[in-house]
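Engineer: I have a structure I would like to understand better, so I am pasting it below and will then ask my questions one at a time.
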Amino acid sequence: MTKPRLPRDIPPGAAALGMAAILLTLSGCAAIDSVAYGRAESSYATAQEFAQARGEAPAWLPPDAREITRVMSTRAEAESVLFSSEDGLAACEDVERVSAPTMEIASAPDVYTIDRVAVCGEWAVAESDGTFYAWTPAQEAQ
């Protein structure tokens, strides 16, 4: 019985081409989100990390906010923030929800099942079981 022979000569540059394909695949999701969908997503463990990365945190963000996800538009003035907090919000007004996030976060609560939100400056903030979903622009803030 004869064993099939495999080619021993690997074309020049095959390894580099393979590595480039792997790197493109790994970084491709973020690039596709930014270019095709006009969005950039980032995550932070604490409110301090979020404030440092953003330049400052919104005044209404509780100091104990954690597990923070931020999605912002790369094309317009729109941003959404998802976080957990035990302390909750302070100095915000409770109103009927009339808007929804422009920049959606997949793991966020379904805002269409929430009737009331807090208006905090230019932001609307919905809460569900200690998880807060904030977005701007918010029609409630006008």
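In the structure tokens, the first chain shown is A, the next is B, and so on; residue numbers restart at 1 for each chain, and ligands run from 1 in the order shown.
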Find the residues around Gly130 of chain A up to 10 Å (only C-alpha atoms counted), leave out those fewer than 6 positions away in its own chain, and share them as a compact mmCIF listing (two decimals) with C-alpha atoms, in the first residue's frame.
Structural biologist:
```
# COMPACT_ATOMS: atom_id res chain seq x y z
CA PHE A 83 -24.24 49.33 34.10
CA SER A 84 -25.10 47.70 37.42
CA SER A 85 -25.49 49.65 40.66
CA GLU A 86 -26.81 49.02 44.15
CA ASP A 87 -26.95 52.74 45.04
CA GLY A 88 -28.90 53.78 41.93
```
Engineer: Which residues, written as JSON, numbers by chain, have at least one atom at most 10 Å from segment 55-66 of chain A, with only C-alpha atoms counted and residues fewer than 6 positions away on the same chain left out?
Structural biologist: {"A": [43, 44, 45, 46, 47, 48, 49, 81, 82, 83, 84, 85, 86, 87, 88, 89, 90, 91, 92, 119, 120, 121, 122, 123, 125, 131, 132, 134]}
Engineer: Just to be explicit: take each residue in the selection above, keep N, CA, C and O atoms, and write the result as an mmCIF file, in the first residue's frame.
Structural biologist:
```cif
data_model
loop_
_atom_site.group_PDB
_atom_site.id
_atom_site.type_symbol
_atom_site.label_atom_id
_atom_site.label_comp_id
_atom_site.auth_asym_id
_atom_site.auth_seq_id
_atom_site.Cartn_x
_atom_site.Cartn_y
_atom_site.Cartn_z
ATOM 1 N N SER A 43 -15.872 48.402 27.261
ATOM 2 C CA SER A 43 -16.333 47.934 28.574
ATOM 3 C C SER A 43 -15.365 48.373 29.664
ATOM 4 O O SER A 43 -14.157 48.473 29.427
ATOM 5 N N TYR A 44 -15.927 48.594 30.859
ATOM 6 C CA TYR A 44 -15.142 49.051 32.002
ATOM 7 C C TYR A 44 -15.639 48.336 33.250
ATOM 8 O O TYR A 44 -16.841 48.121 33.403
ATOM 9 N N ALA A 45 -14.742 48.034 34.151
ATOM 10 C CA ALA A 45 -15.109 47.333 35.383
ATOM 11 C C ALA A 45 -15.756 48.271 36.396
ATOM 12 O O ALA A 45 -16.666 47.880 37.115
ATOM 13 N N THR A 46 -15.300 49.518 36.443
ATOM 14 C CA THR A 46 -15.777 50.462 37.471
ATOM 15 C C THR A 46 -16.099 51.833 36.873
ATOM 16 O O THR A 46 -15.681 52.152 35.757
ATOM 17 N N ALA A 47 -16.780 52.658 37.668
ATOM 18 C CA ALA A 47 -17.095 54.023 37.253
ATOM 19 C C ALA A 47 -15.814 54.847 37.080
ATOM 20 O O ALA A 47 -15.741 55.706 36.198
ATOM 21 N N GLN A 48 -14.807 54.585 37.896
ATOM 22 C CA GLN A 48 -13.548 55.310 37.796
ATOM 23 C C GLN A 48 -12.854 55.029 36.461
ATOM 24 O O GLN A 48 -12.360 55.947 35.804
ATOM 25 N N GLU A 49 -12.831 53.758 36.045
ATOM 26 C CA GLU A 49 -12.230 53.407 34.752
ATOM 27 C C GLU A 49 -13.006 54.057 33.609
ATOM 28 O O GLU A 49 -12.414 54.567 32.659
ATOM 29 N N VAL A 81 -25.212 53.641 27.610
ATOM 30 C CA VAL A 81 -24.390 53.090 28.684
ATOM 31 C C VAL A 81 -25.240 52.084 29.456
ATOM 32 O O VAL A 81 -26.386 52.372 29.812
ATOM 33 N N LEU A 82 -24.673 50.926 29.706
ATOM 34 C CA LEU A 82 -25.318 49.879 30.492
ATOM 35 C C LEU A 82 -24.435 49.618 31.702
ATOM 36 O O LEU A 82 -23.218 49.492 31.565
ATOM 37 N N PHE A 83 -25.038 49.570 32.899
ATOM 38 C CA PHE A 83 -24.241 49.332 34.100
ATOM 39 C C PHE A 83 -25.108 48.745 35.204
ATOM 40 O O PHE A 83 -26.334 48.800 35.159
ATOM 41 N N SER A 84 -24.434 48.201 36.215
ATOM 42 C CA SER A 84 -25.102 47.705 37.422
ATOM 43 C C SER A 84 -24.767 48.645 38.564
ATOM 44 O O SER A 84 -23.674 49.207 38.609
ATOM 45 N N SER A 85 -25.721 48.805 39.501
ATOM 46 C CA SER A 85 -25.491 49.653 40.663
ATOM 47 C C SER A 85 -26.447 49.254 41.768
ATOM 48 O O SER A 85 -27.616 48.978 41.512
ATOM 49 N N GLU A 86 -25.954 49.241 42.995
ATOM 50 C CA GLU A 86 -26.814 49.021 44.155
ATOM 51 C C GLU A 86 -27.347 50.349 44.677
ATOM 52 O O GLU A 86 -28.453 50.418 45.189
ATOM 53 N N ASP A 87 -26.551 51.428 44.543
ATOM 54 C CA ASP A 87 -26.951 52.745 45.041
ATOM 55 C C ASP A 87 -28.002 53.405 44.157
ATOM 56 O O ASP A 87 -28.861 54.125 44.649
ATOM 57 N N GLY A 88 -27.932 53.197 42.856
ATOM 58 C CA GLY A 88 -28.902 53.779 41.933
ATOM 59 C C GLY A 88 -28.636 55.233 41.643
ATOM 60 O O GLY A 88 -27.590 55.778 41.966
ATOM 61 N N LEU A 89 -29.613 55.871 41.028
ATOM 62 C CA LEU A 89 -29.486 57.250 40.568
ATOM 63 C C LEU A 89 -29.893 58.242 41.635
ATOM 64 O O LEU A 89 -30.710 57.943 42.492
ATOM 65 N N ALA A 90 -29.353 59.449 41.529
ATOM 66 C CA ALA A 90 -29.751 60.548 42.406
ATOM 67 C C ALA A 90 -29.963 61.789 41.545
ATOM 68 O O ALA A 90 -29.335 61.944 40.502
ATOM 69 N N ALA A 91 -30.860 62.647 41.970
ATOM 70 C CA ALA A 91 -31.118 63.936 41.312
ATOM 71 C C ALA A 91 -31.580 63.793 39.864
ATOM 72 O O ALA A 91 -31.187 64.562 39.001
ATOM 73 N N CYS A 92 -32.414 62.817 39.600
ATOM 74 C CA CYS A 92 -33.002 62.642 38.276
ATOM 75 C C CYS A 92 -34.518 62.673 38.422
ATOM 76 O O CYS A 92 -35.054 62.339 39.475
ATOM 77 N N VAL A 119 -34.983 61.000 33.911
ATOM 78 C CA VAL A 119 -34.315 61.966 33.044
ATOM 79 C C VAL A 119 -33.202 62.581 33.871
ATOM 80 O O VAL A 119 -33.445 63.176 34.925
ATOM 81 N N CYS A 120 -31.994 62.437 33.386
ATOM 82 C CA CYS A 120 -30.807 62.943 34.068
ATOM 83 C C CYS A 120 -30.057 63.835 33.075
ATOM 84 O O CYS A 120 -29.300 63.323 32.238
ATOM 85 N N GLY A 121 -30.329 65.116 33.131
ATOM 86 C CA GLY A 121 -29.733 66.023 32.147
ATOM 87 C C GLY A 121 -30.241 65.686 30.756
ATOM 88 O O GLY A 121 -31.440 65.676 30.513
ATOM 89 N N GLU A 122 -29.328 65.365 29.843
ATOM 90 C CA GLU A 122 -29.686 65.022 28.469
ATOM 91 C C GLU A 122 -29.943 63.529 28.283
ATOM 92 O O GLU A 122 -30.162 63.077 27.171
ATOM 93 N N TRP A 123 -29.908 62.770 29.362
ATOM 94 C CA TRP A 123 -29.993 61.320 29.300
ATOM 95 C C TRP A 123 -31.341 60.808 29.803
ATOM 96 O O TRP A 123 -31.914 61.368 30.727
ATOM 97 N N VAL A 125 -32.717 57.226 31.527
ATOM 98 C CA VAL A 125 -32.131 56.049 32.162
ATOM 99 C C VAL A 125 -33.257 55.112 32.599
ATOM 100 O O VAL A 125 -34.100 55.477 33.419
ATOM 101 N N THR A 131 -30.046 46.821 37.037
ATOM 102 C CA THR A 131 -29.317 47.086 35.796
ATOM 103 C C THR A 131 -29.899 48.352 35.186
ATOM 104 O O THR A 131 -31.109 48.480 35.045
ATOM 105 N N PHE A 132 -29.026 49.284 34.838
ATOM 106 C CA PHE A 132 -29.440 50.570 34.311
ATOM 107 C C PHE A 132 -29.003 50.686 32.857
ATOM 108 O O PHE A 132 -27.879 50.320 32.502
ATOM 109 N N ALA A 134 -28.855 53.587 29.990
ATOM 110 C CA ALA A 134 -28.962 55.031 29.752
ATOM 111 C C ALA A 134 -28.664 55.349 28.300
ATOM 112 O O ALA A 134 -27.833 54.690 27.674
#
```
Engineer: Can you tell me which residues surround segment 136-139 of chain A at a distance of at most 8 Å, considering only C-alpha atoms, apart from same-chain residues fewer than 3 positions away, and format the answer as number ranges by chain?
Structural biologist: A: 77-80, 98-102, 122-124, 142
Engineer: Using backbone DSSP assignments, extract all strand (DSSP E or B) residues from segment 54-135 of chain A; output them as a ChimeraX atom specification.
Structural biologist: /A:66-73,79-84,93-96,116-120,123-128,131-135
Engineer: Please produce a file of those selected residues containing C-alpha atoms, as a PDB file, in the first residue's frame.
Structural biologist:
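So again_3.pdb came out as:
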```
ATOM      1  CA  ARG A  66     -19.769  48.483  37.684  1.00  0.00           C
ATOM      2  CA  GLU A  67     -19.803  46.161  34.676  1.00  0.00           C
ATOM      3  CA  ILE A  68     -20.151  49.203  32.421  1.00  0.00           C
ATOM      4  CA  THR A  69     -20.672  48.847  28.681  1.00  0.00           C
ATOM      5  CA  ARG A  70     -20.562  51.949  26.499  1.00  0.00           C
ATOM      6  CA  VAL A  71     -21.688  52.112  22.877  1.00  0.00           C
ATOM      7  CA  MET A  72     -21.287  55.359  21.011  1.00  0.00           C
ATOM      8  CA  SER A  73     -21.938  56.467  17.488  1.00  0.00           C
ATOM      9  CA  GLU A  79     -24.325  57.199  23.221  1.00  0.00           C
ATOM     10  CA  SER A  80     -25.700  54.386  25.374  1.00  0.00           C
ATOM     11  CA  VAL A  81     -24.390  53.090  28.684  1.00  0.00           C
ATOM     12  CA  LEU A  82     -25.318  49.879  30.492  1.00  0.00           C
ATOM     13  CA  PHE A  83     -24.241  49.332  34.100  1.00  0.00           C
ATOM     14  CA  SER A  84     -25.102  47.705  37.422  1.00  0.00           C
ATOM     15  CA  GLU A  93     -36.661  63.178  37.384  1.00  0.00           C
ATOM     16  CA  ASP A  94     -39.042  60.215  36.903  1.00  0.00           C
ATOM     17  CA  VAL A  95     -41.063  60.538  33.658  1.00  0.00           C
ATOM     18  CA  GLU A  96     -42.929  58.422  31.134  1.00  0.00           C
ATOM     19  CA  ARG A 116     -40.961  55.005  33.066  1.00  0.00           C
ATOM     20  CA  VAL A 117     -37.407  56.337  32.953  1.00  0.00           C
ATOM     21  CA  ALA A 118     -35.329  58.811  34.887  1.00  0.00           C
ATOM     22  CA  VAL A 119     -34.315  61.966  33.044  1.00  0.00           C
ATOM     23  CA  CYS A 120     -30.807  62.943  34.068  1.00  0.00           C
ATOM     24  CA  TRP A 123     -29.993  61.320  29.300  1.00  0.00           C
ATOM     25  CA  ALA A 124     -32.896  58.910  29.784  1.00  0.00           C
ATOM     26  CA  VAL A 125     -32.131  56.049  32.162  1.00  0.00           C
ATOM     27  CA  ALA A 126     -34.227  52.881  32.416  1.00  0.00           C
ATOM     28  CA  GLU A 127     -33.784  50.485  35.335  1.00  0.00           C
ATOM     29  CA  SER A 128     -34.550  46.782  35.613  1.00  0.00           C
ATOM     30  CA  THR A 131     -29.317  47.086  35.796  1.00  0.00           C
ATOM     31  CA  PHE A 132     -29.440  50.570  34.311  1.00  0.00           C
ATOM     32  CA  TYR A 133     -29.652  51.389  30.599  1.00  0.00           C
ATOM     33  CA  ALA A 134     -28.962  55.031  29.752  1.00  0.00           C
ATOM     34  CA  TRP A 135     -29.088  56.765  26.391  1.00  0.00           C
TER      35      TRP A 135
END
```
